[in-house]
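First up is the structure itself, then whatever we jot down about it.
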There are 4 protein chains.
Amino acid sequence: MKLAVLGGDQRQVFMVRRLAEAGHEVFVWGLGACGGEVGDARVCEGWDAAVRASDAVILPLPVSLDGVRVHCPLQSEDVFLRIPALLDVVGDRLLLGGRFTDAMRGVAEQKGGRWIDYFESEVLQLKNALPTAEAAISIAMHELPVTLDGSAVAVLGFGRIGSLLAEKLHGLGARVTVFARRSEQLALAALHHHAAARLGCKEGSTVAESLPARCRVIFNTVPQRILGVDQLKRLPKNCLLIDLASAPGGVDHNAAAKLGLKSIWATALPGRCTPESAGLILADVIEEILSALE
Amino acid sequence: MKLAVLGGDQRQVFMVRRLAEAGHEVFVWGLGACGGEVGDARVCEGWDAAVRASDAVILPLPVSLDGVRVHCPLQSEDVFLRIPALLDVVGDRLLLGGRFTDAMRGVAEQKGGRWIDYFESEVLQLKNALPTAEAAISIAMHELPVTLDGSAVAVLGFGRIGSLLAEKLHGLGARVTVFARRSEQLALAALHHHAAARLGCKEGSTVAESLPARCRVIFNTVPQRILGVDQLKRLPKNCLLIDLASAPGGVDHNAAAKLGLKSIWATALPGRCTPESAGLILADVIEEILSALE
Amino acid sequence: MKLAVLGGDQRQVFMVRRLAEAGHEVFVWGLGACGGEVGDARVCEGWDAAVRASDAVILPLPVSLDGVRVHCPLQSEDVFLRIPALLDVVGDRLLLGGRFTDAMRGVAEQKGGRWIDYFESEVLQLKNALPTAEAAISIAMHELPVTLDGSAVAVLGFGRIGSLLAEKLHGLGARVTVFARRSEQLALAALHHHAAARLGCKEGSTVAESLPARCRVIFNTVPQRILGVDQLKRLPKNCLLIDLASAPGGVDHNAAAKLGLKSIWATALPGRCTPESAGLILADVIEEILSALE
Amino acid sequence: MKLAVLGGDQRQVFMVRRLAEAGHEVFVWGLGACGGEVGDARVCEGWDAAVRASDAVILPLPVSLDGVRVHCPLQSEDVFLRIPALLDVVGDRLLLGGRFTDAMRGVAEQKGGRWIDYFESEVLQLKNALPTAEAAISIAMHELPVTLDGSAVAVLGFGRIGSLLAEKLHGLGARVTVFARRSEQLALAALHHHAAARLGCKEGSTVAESLPARCRVIFNTVPQRILGVDQLKRLPKNCLLIDLASAPGGVDHNAAAKLGLKSIWATALPGRCTPESAGLILADVIEEILSALE
């Protein structure tokens, strides 16, 4: 297929190379001076030339920070691409992007275009759980004065990220306690040799109460305020908080700072820590989406 | 027992606290303003008071950097303790330290003292393999643009550190190739599900030749120059080199830099990365040495 | 609580002991001469005495083989308990059992009783995945002339049992290929370091085609005829088939026998292989059901 | 090379096939009607023809049960091969075998032959630890009414077999306590996340005392009588004993039987449980021995 890739960060550079290796004809704009890094892909001078050469247009993740311009952090600031102008040229080509806003969807639908938001792909979320879990472990290893091996840690939430993270921590020799809401999750955690505790189902049942003795890290994956000031007050002072949840996050980071607890709000880890892996995952997911269309 | 602990770094702080928790009466000098951190241990104003109150004297690891003064990095520079002066006061007390120089041993023997170099303890070396392996993994995770999970990596040497490191990397999903000299080590590596290659036994048999495709990290644990310029020239440019071997190291780091290869010479990792774990290990080993004497 | 336990096999003996240990007053009938094995539970001479002493009545899994009598394999054949007679005495007591037939449900509803079929518990199914997976591994180890470690094996299906089984096989060093229908399952299998292949979604895509070279065992967990005669013909002759699926099973066992392939249809493994674990799981699940009612 | 293989059991059949696949010219005698199973190897009618066609002669493991005849369990009883007669024909050919007796060595040396006892190979011992450990697990799974996962087990000895067995048990979710004599072994066991206890170094220090609560299996790998009647008396009645040590074994099996403890003395497991793997290991080790001679 002929693909235009417009904008994005280092992930898109690796994504482009992989798509080109897979046999697609790829036209690139908005990735800065990436010539040597994108293999057989062709770097275009203008975004419209790239679009016109293509059957489908791939926008970054997120598509835009301000809702107006395509996210192009590798370009100089005076080069930008406005979304309405883009849509005029895209016409009825297939448009792929991550995290379209409602406004963008509305405009596109007016123009009769076909949209696919690849960030909604369950497979992408699953695959991204790996770089996220590994980056969380990297942060913990970097911050702790002790080895993870032998340390007591807690993982809040047992979804895609929580379950993979708990498994990797267990493999590294940490003593893991999983906190989850549903009985099925607790049973699943026990099957994987984690201690397990119920998360906040009854009054008075709190994380602090069920925390393992000498807990050194709490990894939160639940996108709800679980560790508010009352809970934070009861944590050991040398317990590190790593909050992996998207906004509003699961930790009151201001309160933590005031209490002298070290807390790190670590989001968007795949792109920030392992852009090459993140880019290859994007390429895989886009390939799967495209092949499903055929 | 009554123990004097003189000098050392953050490891000794944690070591002192653990020894005090274990019921020893500990007298501390040379750890800076560590009062709040050493639990029930008593901080002494003068080193001689600490020695005189004790049955055994514990020096740091290493005992000394310059062969003359006890290593006291937490003290201000104008406070120091000369080893000959120390030995005069120590008398026939038991003296424990890590990496005594031959000169120090000679002096001590003249004075009739009993020396034990705890750095020679096989148990210490074994226990330190854990923080070393974990720190090596932390460095790799921090440096790589890809996840370790799914990456091809090589481990040179299959001793205490190499075997533990390979096992942890395997557990994290890396595809590990172990390089070792002896058939027994290769068989043992295979038992642990690693690919295995013979290390440099015959002419022409080289690391570069047997490296897995797309190898992303080489961890060296062998204290011999294995990766010289000829080998380095044949490595993929995006292959990270992490050299864990003590001097002279296994990698020609200057040649690597000229070739554009990223190489990191990472030594003394337990104390630098996880001083708390390293200190507890020291406490355990010293406890074991002391209880064996009884 | 006061609980009557009527009928069942060795699992119920261990279940009763656990329930008694947990503080319940347990009245037992129909477990043969189990006196010494049920701890503080009281063995009753008549089933009606047990029922009348209780608040809730626990029937076995399955409740009945013939739809008429409660399943009591530990009793002599001339002692039996007819379900209609039982229901008359049960009255409005809570009735727990595993795999009630529609007929039984109908009768019970007529009589105004409260039924809970604990076999429908997702938690029970999850917990039973463990003894099932372990028993499947035990069968494979017993049958194979090679070690599982190093052998290529396939797991068909990646649900509760398939995913746990694949993980345990991987941990034992087998080279696992997972077959599953959905992209999410394939992504999840890859996250756990399994090779993964699509199960039968397009014409011509078959298990035999995607089987790893020299595959020594195929574990089937999918309750559909996946390995019919055409597929079986293409398997290596020394490939063992272990079919864990309930009726109709996933393997044409007659065809396999004619082709000289060894196939084992292994169902109800928790009760048959590890009755103690299976009984403790039943006790846990019943405890959870009862405590949720309070 | 031209190799004669004389006698042996099912292991030798698989060994012969592998050696033939590896390019050796193999002449077989004494493996019964194995024609279809040995690939390109040639089955000879007389042992002397096989020897005369060869450069090296490979005898089984063990070479002989009675010290007089080569061990040929796949042959009918009236066909046998006397060792002195064999040695006359072997002449100065290389002779490989497992567990030569001193008498055999003496005779061979008189005749000027070259002997290699491959059973003394450290690599063979290491490789055989895998089928031994897996078979021990298979036995435990078959015997226990509970899953290994979640059960407390003990492993006596932490050498080749003990360490691999403990690791596999840990991977399966058993809670492992390792018993060993040396501090280095205890440290190594701790590195692998096992609980560890000192084996019998001081008076009164016993296995029974340090056994984990509710221990369900004791695997012994130490070839000394560790579990005598006094120790056995103090074990829980539902604790299974699996003794992997060669004579005299580590368990007083008679005393165990009298006490109602189930004990299994399981030796020579690789050949008995997984002859194919055991045969391939023999082929690998013999290949390595032969290639080292070149």
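By convention in this document, the chains of the structure tokens carry letters A, B, ... by their order, each chain's residues are numbered from 1, and ligands are numbered from 1 in the order they are shown.
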
* Contacts of Glu276 of chain B at 8 Å or less, counting only C-alpha atoms, minus same-chain residues fewer than 2 places along, as a list in words? -> Pro145 and Val146 of chain A; Gln10, Arg11, Phe14, Met15, Thr274, Ala278, Gly279 and Leu280 of chain B

| task | For chain C, work out the contacting residues on chain A at 12 Å, counting only C-alpha atoms, and write them as JSON, numbers by chain. | result | {"A": [121, 122, 123, 124, 125, 126, 127, 128, 129, 130, 131, 133, 134, 160, 161, 163, 164, 165, 167, 168, 171, 182, 183, 184, 185, 186, 187, 188, 189, 190, 191, 192, 193, 281, 284, 285, 288, 289, 292]}

So how far away is atom CA of Gly228 of chain A from atom CA of Arg99 of chain A, in Å?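 Result for atom CA of Arg99 of chain A versus atom CA of Gly228 of chain A: 29.0 Å, one decimal.
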
DSSP says strand (DSSP E) for which residues of segment 137-248 of chain A? Put them as a count of residues only?
-> 25

- Message: Quick one: residues within 9 Å of Val28 of chain D, only C-alpha atoms, excluding same-chain residues fewer than 5 positions away - as an MDAnalysis selection string?
- Response: chainID D and resid 3:7 16 38 41:45 47 50

**OP:** Do a neighbour search on Leu61 of chain D at 9 Å with only C-alpha atoms, toss out local chain neighbours closer than 4 positions, and write the hits as a PyMOL selection string.
**Re:** chain D and resi 8-9+71+97-100+118-119

For this session: Enter the distance from atom CA of Gly91 of chain D to atom CA of His24 of chain D, in Å, rounded to one decimal.
Result: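 Value for the atom CA of Gly91 of chain D-atom CA of His24 of chain D distance: 20.9 Å.
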
Spatial neighbours of segment 216-222 of chain A, 7 Å, only C-alpha atoms, chain gap at least 3 places, as a PDB file with N, CA, C and O atoms, in the first residue's frame:
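Result went into around-v1.pdb, see below:
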```pdb
ATOM      1  N   SER A 151      12.318  -7.238  47.815  1.00  0.00           N
ATOM      2  CA  SER A 151      11.527  -6.132  48.357  1.00  0.00           C
ATOM      3  C   SER A 151      10.028  -6.428  48.258  1.00  0.00           C
ATOM      4  O   SER A 151       9.576  -7.081  47.322  1.00  0.00           O
ATOM      5  N   ALA A 152       9.286  -5.896  49.221  1.00  0.00           N
ATOM      6  CA  ALA A 152       7.835  -5.968  49.160  1.00  0.00           C
ATOM      7  C   ALA A 152       7.323  -4.797  48.328  1.00  0.00           C
ATOM      8  O   ALA A 152       7.743  -3.652  48.536  1.00  0.00           O
ATOM      9  N   VAL A 153       6.459  -5.079  47.382  1.00  0.00           N
ATOM     10  CA  VAL A 153       5.876  -4.034  46.542  1.00  0.00           C
ATOM     11  C   VAL A 153       4.388  -4.299  46.393  1.00  0.00           C
ATOM     12  O   VAL A 153       3.921  -5.415  46.587  1.00  0.00           O
ATOM     13  N   ALA A 154       3.660  -3.249  46.051  1.00  0.00           N
ATOM     14  CA  ALA A 154       2.223  -3.387  45.819  1.00  0.00           C
ATOM     15  C   ALA A 154       1.897  -2.907  44.417  1.00  0.00           C
ATOM     16  O   ALA A 154       2.504  -1.955  43.918  1.00  0.00           O
ATOM     17  N   VAL A 155       0.950  -3.578  43.799  1.00  0.00           N
ATOM     18  CA  VAL A 155       0.452  -3.165  42.485  1.00  0.00           C
ATOM     19  C   VAL A 155      -1.043  -2.930  42.632  1.00  0.00           C
ATOM     20  O   VAL A 155      -1.790  -3.852  42.990  1.00  0.00           O
ATOM     21  N   LEU A 156      -1.476  -1.696  42.381  1.00  0.00           N
ATOM     22  CA  LEU A 156      -2.896  -1.371  42.484  1.00  0.00           C
ATOM     23  C   LEU A 156      -3.534  -1.504  41.109  1.00  0.00           C
ATOM     24  O   LEU A 156      -3.124  -0.825  40.161  1.00  0.00           O
ATOM     25  N   GLY A 157      -4.508  -2.372  41.019  1.00  0.00           N
ATOM     26  CA  GLY A 157      -5.160  -2.645  39.739  1.00  0.00           C
ATOM     27  C   GLY A 157      -4.561  -3.880  39.092  1.00  0.00           C
ATOM     28  O   GLY A 157      -3.353  -4.122  39.192  1.00  0.00           O
ATOM     29  N   ILE A 161      -2.041  -3.651  32.314  1.00  0.00           N
ATOM     30  CA  ILE A 161      -0.729  -3.227  32.801  1.00  0.00           C
ATOM     31  C   ILE A 161      -0.432  -3.840  34.162  1.00  0.00           C
ATOM     32  O   ILE A 161       0.651  -4.369  34.406  1.00  0.00           O
ATOM     33  N   GLY A 162      -1.387  -3.785  35.069  1.00  0.00           N
ATOM     34  CA  GLY A 162      -1.160  -4.292  36.423  1.00  0.00           C
ATOM     35  C   GLY A 162      -0.765  -5.758  36.430  1.00  0.00           C
ATOM     36  O   GLY A 162       0.142  -6.163  37.162  1.00  0.00           O
ATOM     37  N   ASN A 238       9.665   5.586  53.508  1.00  0.00           N
ATOM     38  CA  ASN A 238      10.594   5.199  52.428  1.00  0.00           C
ATOM     39  C   ASN A 238       9.890   4.400  51.333  1.00  0.00           C
ATOM     40  O   ASN A 238      10.517   3.656  50.590  1.00  0.00           O
ATOM     41  N   CYS A 239       8.575   4.587  51.227  1.00  0.00           N
ATOM     42  CA  CYS A 239       7.813   3.892  50.187  1.00  0.00           C
ATOM     43  C   CYS A 239       7.685   4.813  48.971  1.00  0.00           C
ATOM     44  O   CYS A 239       7.164   5.929  49.068  1.00  0.00           O
ATOM     45  N   LEU A 240       8.166   4.333  47.853  1.00  0.00           N
ATOM     46  CA  LEU A 240       8.138   5.086  46.604  1.00  0.00           C
ATOM     47  C   LEU A 240       6.788   4.878  45.918  1.00  0.00           C
ATOM     48  O   LEU A 240       6.262   3.767  45.895  1.00  0.00           O
ATOM     49  N   LEU A 241       6.231   5.961  45.377  1.00  0.00           N
ATOM     50  CA  LEU A 241       4.943   5.876  44.675  1.00  0.00           C
ATOM     51  C   LEU A 241       5.172   6.103  43.188  1.00  0.00           C
ATOM     52  O   LEU A 241       5.686   7.151  42.789  1.00  0.00           O
ATOM     53  N   ILE A 242       4.797   5.124  42.382  1.00  0.00           N
ATOM     54  CA  ILE A 242       4.908   5.270  40.924  1.00  0.00           C
ATOM     55  C   ILE A 242       3.504   5.155  40.356  1.00  0.00           C
ATOM     56  O   ILE A 242       2.878   4.097  40.426  1.00  0.00           O
ATOM     57  N   ASP A 243       3.027   6.261  39.820  1.00  0.00           N
ATOM     58  CA  ASP A 243       1.627   6.348  39.372  1.00  0.00           C
ATOM     59  C   ASP A 243       1.606   6.263  37.853  1.00  0.00           C
ATOM     60  O   ASP A 243       2.072   7.161  37.157  1.00  0.00           O
ATOM     61  N   LEU A 244       1.090   5.152  37.350  1.00  0.00           N
ATOM     62  CA  LEU A 244       1.073   4.917  35.904  1.00  0.00           C
ATOM     63  C   LEU A 244      -0.256   5.300  35.270  1.00  0.00           C
ATOM     64  O   LEU A 244      -0.437   5.140  34.061  1.00  0.00           O
ATOM     65  N   ALA A 245      -1.187   5.786  36.085  1.00  0.00           N
ATOM     66  CA  ALA A 245      -2.535   6.042  35.571  1.00  0.00           C
ATOM     67  C   ALA A 245      -2.592   7.382  34.848  1.00  0.00           C
ATOM     68  O   ALA A 245      -1.952   8.355  35.251  1.00  0.00           O
ATOM     69  N   GLY A 250      -3.837   8.279  40.183  1.00  0.00           N
ATOM     70  CA  GLY A 250      -4.367   7.597  41.357  1.00  0.00           C
ATOM     71  C   GLY A 250      -3.773   8.105  42.656  1.00  0.00           C
ATOM     72  O   GLY A 250      -4.138   7.655  43.737  1.00  0.00           O
TER      73      GLY A 250
END
```

In Å and to one decimal, atom CA of Trp265 of chain D is distant from atom CA of Ala140 of chain D by 12.1 Å

What parts of segment 64-153 of chain B does DSSP call alpha helix (DSSP H)? I'd like the answer as a PyMOL selection string. chain B and resi 83-90+102-110+122-143

So that I have them on file, write out the residues from the current selection with N, CA, C and O atoms, as a compact mmCIF listing (two decimals), in the first residue's frame.
```txt
# COMPACT_ATOMS: atom_id res chain seq x y z
N ILE B 83 46.03 4.76 59.10
CA ILE B 83 45.99 3.34 59.43
C ILE B 83 47.04 2.96 60.49
O ILE B 83 46.71 2.21 61.42
N PRO B 84 48.29 3.45 60.41
CA PRO B 84 49.24 3.07 61.46
C PRO B 84 48.78 3.50 62.85
O PRO B 84 48.88 2.73 63.82
N ALA B 85 48.24 4.73 62.94
CA ALA B 85 47.75 5.20 64.23
C ALA B 85 46.61 4.29 64.72
O ALA B 85 46.52 3.92 65.89
N LEU B 86 45.73 3.92 63.78
CA LEU B 86 44.62 3.03 64.12
C LEU B 86 45.14 1.72 64.69
O LEU B 86 44.67 1.25 65.74
N LEU B 87 46.13 1.14 64.00
CA LEU B 87 46.59 -0.19 64.41
C LEU B 87 47.20 -0.16 65.80
O LEU B 87 47.09 -1.13 66.56
N ASP B 88 47.82 0.96 66.16
CA ASP B 88 48.38 1.07 67.52
C ASP B 88 47.29 0.91 68.57
O ASP B 88 47.49 0.26 69.59
N VAL B 89 46.16 1.52 68.33
CA VAL B 89 45.08 1.44 69.32
C VAL B 89 44.34 0.11 69.25
O VAL B 89 43.89 -0.43 70.25
N VAL B 90 44.20 -0.42 68.02
CA VAL B 90 43.46 -1.68 67.86
C VAL B 90 44.08 -2.79 68.70
O VAL B 90 43.38 -3.58 69.33
N ASP B 102 48.48 -5.33 50.71
CA ASP B 102 49.55 -6.15 51.29
C ASP B 102 50.29 -5.36 52.37
O ASP B 102 50.66 -5.92 53.41
N ALA B 103 50.48 -4.07 52.11
CA ALA B 103 51.20 -3.25 53.09
C ALA B 103 50.46 -3.24 54.43
O ALA B 103 51.06 -3.43 55.49
N MET B 104 49.15 -3.04 54.35
CA MET B 104 48.37 -3.02 55.59
C MET B 104 48.46 -4.35 56.32
O MET B 104 48.60 -4.40 57.54
N ARG B 105 48.40 -5.43 55.56
CA ARG B 105 48.50 -6.73 56.20
C ARG B 105 49.84 -6.87 56.92
O ARG B 105 49.91 -7.39 58.03
N GLY B 106 50.88 -6.41 56.23
CA GLY B 106 52.21 -6.53 56.81
C GLY B 106 52.30 -5.80 58.14
O GLY B 106 52.74 -6.36 59.15
N VAL B 107 51.85 -4.55 58.13
CA VAL B 107 51.91 -3.76 59.36
C VAL B 107 51.13 -4.44 60.47
O VAL B 107 51.58 -4.57 61.61
N ALA B 108 49.93 -4.87 60.13
CA ALA B 108 49.08 -5.48 61.15
C ALA B 108 49.72 -6.72 61.74
O ALA B 108 49.66 -6.96 62.95
N GLU B 109 50.32 -7.52 60.87
CA GLU B 109 50.95 -8.74 61.37
C GLU B 109 52.10 -8.42 62.32
O GLU B 109 52.30 -9.10 63.32
N GLN B 110 52.85 -7.38 61.98
CA GLN B 110 53.91 -6.94 62.89
C GLN B 110 53.35 -6.65 64.28
O GLN B 110 53.95 -6.97 65.29
N GLU B 122 33.38 -15.90 49.96
CA GLU B 122 32.61 -16.40 48.82
C GLU B 122 31.14 -16.02 48.97
O GLU B 122 30.45 -15.71 48.00
N VAL B 123 30.64 -16.05 50.20
CA VAL B 123 29.24 -15.71 50.43
C VAL B 123 28.98 -14.24 50.07
O VAL B 123 27.95 -13.90 49.47
N LEU B 124 29.92 -13.35 50.42
CA LEU B 124 29.74 -11.94 50.05
C LEU B 124 29.69 -11.79 48.53
O LEU B 124 28.84 -11.08 47.99
N GLN B 125 30.61 -12.45 47.86
CA GLN B 125 30.64 -12.36 46.40
C GLN B 125 29.33 -12.86 45.81
O GLN B 125 28.78 -12.27 44.88
N LEU B 126 28.84 -13.97 46.34
CA LEU B 126 27.57 -14.53 45.84
C LEU B 126 26.43 -13.55 46.08
O LEU B 126 25.63 -13.29 45.19
N LYS B 127 26.34 -13.04 47.29
CA LYS B 127 25.22 -12.15 47.62
C LYS B 127 25.31 -10.87 46.80
O LYS B 127 24.29 -10.32 46.38
N ASN B 128 26.51 -10.36 46.58
CA ASN B 128 26.66 -9.14 45.79
C ASN B 128 26.33 -9.34 44.32
O ASN B 128 26.10 -8.36 43.59
N ALA B 129 26.30 -10.59 43.87
CA ALA B 129 25.92 -10.82 42.47
C ALA B 129 24.50 -10.31 42.21
O ALA B 129 24.19 -9.88 41.09
N LEU B 130 23.64 -10.34 43.22
CA LEU B 130 22.26 -9.89 43.01
C LEU B 130 22.16 -8.39 42.75
O LEU B 130 21.62 -7.98 41.71
N PRO B 131 22.66 -7.53 43.66
CA PRO B 131 22.56 -6.10 43.32
C PRO B 131 23.34 -5.75 42.05
O PRO B 131 22.94 -4.84 41.31
N THR B 132 24.42 -6.48 41.77
CA THR B 132 25.17 -6.20 40.55
C THR B 132 24.33 -6.52 39.32
O THR B 132 24.22 -5.71 38.38
N ALA B 133 23.72 -7.69 39.32
CA ALA B 133 22.91 -8.09 38.17
C ALA B 133 21.72 -7.15 37.98
O ALA B 133 21.40 -6.74 36.87
N GLU B 134 21.09 -6.79 39.08
CA GLU B 134 19.93 -5.92 38.96
C GLU B 134 20.32 -4.53 38.47
O GLU B 134 19.63 -3.93 37.64
N ALA B 135 21.46 -4.04 38.95
CA ALA B 135 21.91 -2.73 38.49
C ALA B 135 22.27 -2.76 37.01
O ALA B 135 22.01 -1.81 36.26
N ALA B 136 22.87 -3.86 36.57
CA ALA B 136 23.20 -3.97 35.15
C ALA B 136 21.94 -3.92 34.29
O ALA B 136 21.90 -3.30 33.23
N ILE B 137 20.90 -4.59 34.77
CA ILE B 137 19.63 -4.58 34.05
C ILE B 137 19.04 -3.17 34.06
O ILE B 137 18.50 -2.69 33.05
N SER B 138 19.14 -2.50 35.19
CA SER B 138 18.63 -1.13 35.28
C SER B 138 19.33 -0.22 34.28
O SER B 138 18.68 0.59 33.60
N ILE B 139 20.64 -0.36 34.17
CA ILE B 139 21.39 0.45 33.21
C ILE B 139 20.92 0.16 31.79
O ILE B 139 20.66 1.07 31.00
N ALA B 140 20.79 -1.13 31.47
CA ALA B 140 20.37 -1.49 30.12
C ALA B 140 18.98 -0.92 29.82
O ALA B 140 18.74 -0.36 28.75
N MET B 141 18.06 -1.07 30.76
CA MET B 141 16.71 -0.55 30.55
C MET B 141 16.73 0.96 30.33
O MET B 141 15.98 1.50 29.52
N HIS B 142 17.59 1.63 31.08
CA HIS B 142 17.65 3.08 30.99
C HIS B 142 18.22 3.53 29.66
O HIS B 142 17.79 4.55 29.09
N GLU B 143 19.16 2.79 29.13
CA GLU B 143 19.87 3.22 27.92
C GLU B 143 19.17 2.81 26.62
O GLU B 143 19.27 3.51 25.62
```
